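Following: one structure in structure tokens, then a few remarks.
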Amino acid sequence: MEQSTVNEMLAWQSGVRLEAVAKKLQTRGFEAEVCATREAARERVLDLAKEATTIGFGGSLSVACLNLTRALRDAGKEILNHGFPNLSAEEKMEIMRRQLTCDLFLSSTNALTEEGELVNIDGNGNRVAAMIFGPKRVVVVAGRNKLVTGGVPAAIARIAAVAGPVNAYRLGKKTPCAATGTCVDCARANEETICRVTTVLRRRPRCTPFTVLLVNEDLGL
């Protein structure tokens, strides 16, 4: 059997799982849909951004994989991305504050349970704050690699095993996981920890229009 055939079967399996999760998300009040590819997700985000003037980026590598910035700028949107190079600490802080009231906030989620719960762990809390309240619309882009079986405990375990250590390394933090690649639960004692705020979105936040795009590809961490 050729690898391409194996890949097709695996894509079928993940697609079926994502469709089931989309339905669970909908019962929790989220708008949710499955995108077969990252290109399809990109076009959907651009469509959702048509009426927006200010677009906030929450620092997501999954969103970065969609290569949206140039297209949004060409469409006349103001981009609020605190991850742009050469920004001062004050400029970054101002952008993060403005993200809280932008027209459209783009992010991913660290983990997504099969029951439709979005689980995130933050250092500053700006990303999860904007996901909860403030922006006129939130769009979360989640690749199939974010999906976990086993509820919230499994989601937190995934973050500790993957997203936490790799993000700490990416951000140049002086944490044990940034050196070893393994979480040692340093949040109680390490000032550099990025695991300070844990949120579980069990239902759509009451005042926040919220779309979850489930992508049948691996995206981000």
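Lettering and numbering for the structure tokens are positional, with chains as A, B, ... in the shown order, residues counted from 1 in each chain, and ligands counted from 1 in the shown order.
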
field: Members of region 112-195 of chain A assigned strand (DSSP E) by DSSP, as a PyMOL selection string
entry: chain A and resi 112-113+118-122+137-143+147-148

field: Who sits within 12 Å of Ala187 (chain A), only C-alpha atoms, same chain under 3 positions skipped, as a PyMOL selection string
entry: chain A and resi 121-123+160+164+175-177+183-184+190-198

field: Distance query Lys77 (chain A) at most 8 Å, only C-alpha atoms, self and fewer than 5 positions along chain excluded, as a VMD selection string
entry: chain A and resid 52 to 55 72

Can I get the selected residues back with N, CA and C atoms, as an mmCIF file, in the first residue's frame?
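The result, written out as part.cif:
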data_model
loop_
_atom_site.group_PDB
_atom_site.id
_atom_site.type_symbol
_atom_site.label_atom_id
_atom_site.label_comp_id
_atom_site.auth_asym_id
_atom_site.auth_seq_id
_atom_site.Cartn_x
_atom_site.Cartn_y
_atom_site.Cartn_z
ATOM 1 N N ALA A 52 -14.362 43.830 9.141
ATOM 2 C CA ALA A 52 -13.514 44.306 10.243
ATOM 3 C C ALA A 52 -12.552 45.382 9.753
ATOM 4 N N THR A 53 -12.222 46.296 10.655
ATOM 5 C CA THR A 53 -11.214 47.321 10.371
ATOM 6 C C THR A 53 -9.914 47.015 11.090
ATOM 7 N N THR A 54 -10.005 46.598 12.357
ATOM 8 C CA THR A 54 -8.820 46.266 13.143
ATOM 9 C C THR A 54 -8.788 44.765 13.396
ATOM 10 N N ILE A 55 -7.624 44.156 13.116
ATOM 11 C CA ILE A 55 -7.454 42.705 13.250
ATOM 12 C C ILE A 55 -6.354 42.434 14.269
ATOM 13 N N LEU A 72 -4.478 40.846 4.422
ATOM 14 C CA LEU A 72 -5.317 41.725 5.243
ATOM 15 C C LEU A 72 -4.883 43.178 5.104
#

message: Report as an NGL selection string all protein, DNA and RNA residues lying within 7 Å of region 152-156 of chain A, evaluated on only C-alpha atoms, omitting residues in the same chain fewer than 5 positions from it.
response: :A and (111-113 or 119)

Output for the residues just chosen: N, CA and C atoms as a PDB file, in the first residue's frame:
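Saved as out30.pdb:
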ATOM      1  N   ALA A 111      -5.232  23.333  23.131  1.00  0.00           N
ATOM      2  CA  ALA A 111      -5.804  21.988  23.056  1.00  0.00           C
ATOM      3  C   ALA A 111      -7.310  22.088  22.939  1.00  0.00           C
ATOM      4  N   LEU A 112      -7.911  21.084  22.327  1.00  0.00           N
ATOM      5  CA  LEU A 112      -9.351  21.027  22.117  1.00  0.00           C
ATOM      6  C   LEU A 112      -9.820  19.626  22.452  1.00  0.00           C
ATOM      7  N   THR A 113     -10.759  19.525  23.388  1.00  0.00           N
ATOM      8  CA  THR A 113     -11.246  18.201  23.761  1.00  0.00           C
ATOM      9  C   THR A 113     -12.288  17.712  22.763  1.00  0.00           C
ATOM     10  N   VAL A 119      -9.010  24.636  25.670  1.00  0.00           N
ATOM     11  CA  VAL A 119      -8.156  24.728  26.855  1.00  0.00           C
ATOM     12  C   VAL A 119      -6.869  25.455  26.486  1.00  0.00           C
TER      13      VAL A 119
END

query: Which residue out of A:Val45, A:Val6, A:Leu100, A:Val200 has the minimum interatomic distance to Val63 (chain A) when only C-alpha atoms are used?
result: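 Comparing A:Val45, A:Val6, A:Leu100, A:Val200 against Val63 (chain A), the winner is A:Val45.
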
message: Quick check, in Å to one decimal: how far apart do CA of Asp185 (chain A) and CA of Ala64 (chain A) lie?
response: 27.9 Å

task: Tell me, as a count of residues only, which residues lie within 9 Å of Glu19 (chain A), counting only C-alpha atoms; anything in the same chain fewer than 6 positions away does not count.
output: 3

field: Surrounding residues of Leu80 (chain A) excluding itself and chain neighbours under 5 positions, 8 Å, only C-alpha atoms, as an NGL selection string
entry: :A and (54-57 or 95-96 or 98-99)

query: Contacts of Leu48 (chain A) at 12 Å or less, counting only C-alpha atoms, minus same-chain residues fewer than 4 places along, as an MDAnalysis selection string?
result: chainID A and resid 31 41:44 52:53 55 72 103:106 136:140 209:213

message: Between A:Arg158, A:Lys24, A:Ala130, A:Leu46, which residue has the minimum interatomic distance to Glu114 (chain A), considering only C-alpha atoms?
response: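 Once distances to Glu114 (chain A) are computed over only C-alpha atoms, the minimum belongs to A:Lys24.
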
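Inside region 56-143 of chain A, the residues DSSP reads as helix (DSSP H, G or I) when given the backbone are Leu61, Ser62, Val63, Ala64, Thr69, Arg70, Ala71, Leu72, Arg73, Asp74, Ala89, Glu90, Glu91, Lys92, Met93, Glu94, Ile95, Met96, Arg97, Arg98, Gln99, Asn126, Arg127, Val128, Ala129, Ala130, Met131 and Ile132 of chain A.
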
- request: Name the closest residue to Glu217 (chain A) among the candidates A:Gly125, A:Pro135, A:Gly143, A:Gly58; distances are taken between atoms, counting only C-alpha atoms.
  value: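 Under the stated criterion, the closest residue is A:Gly143.
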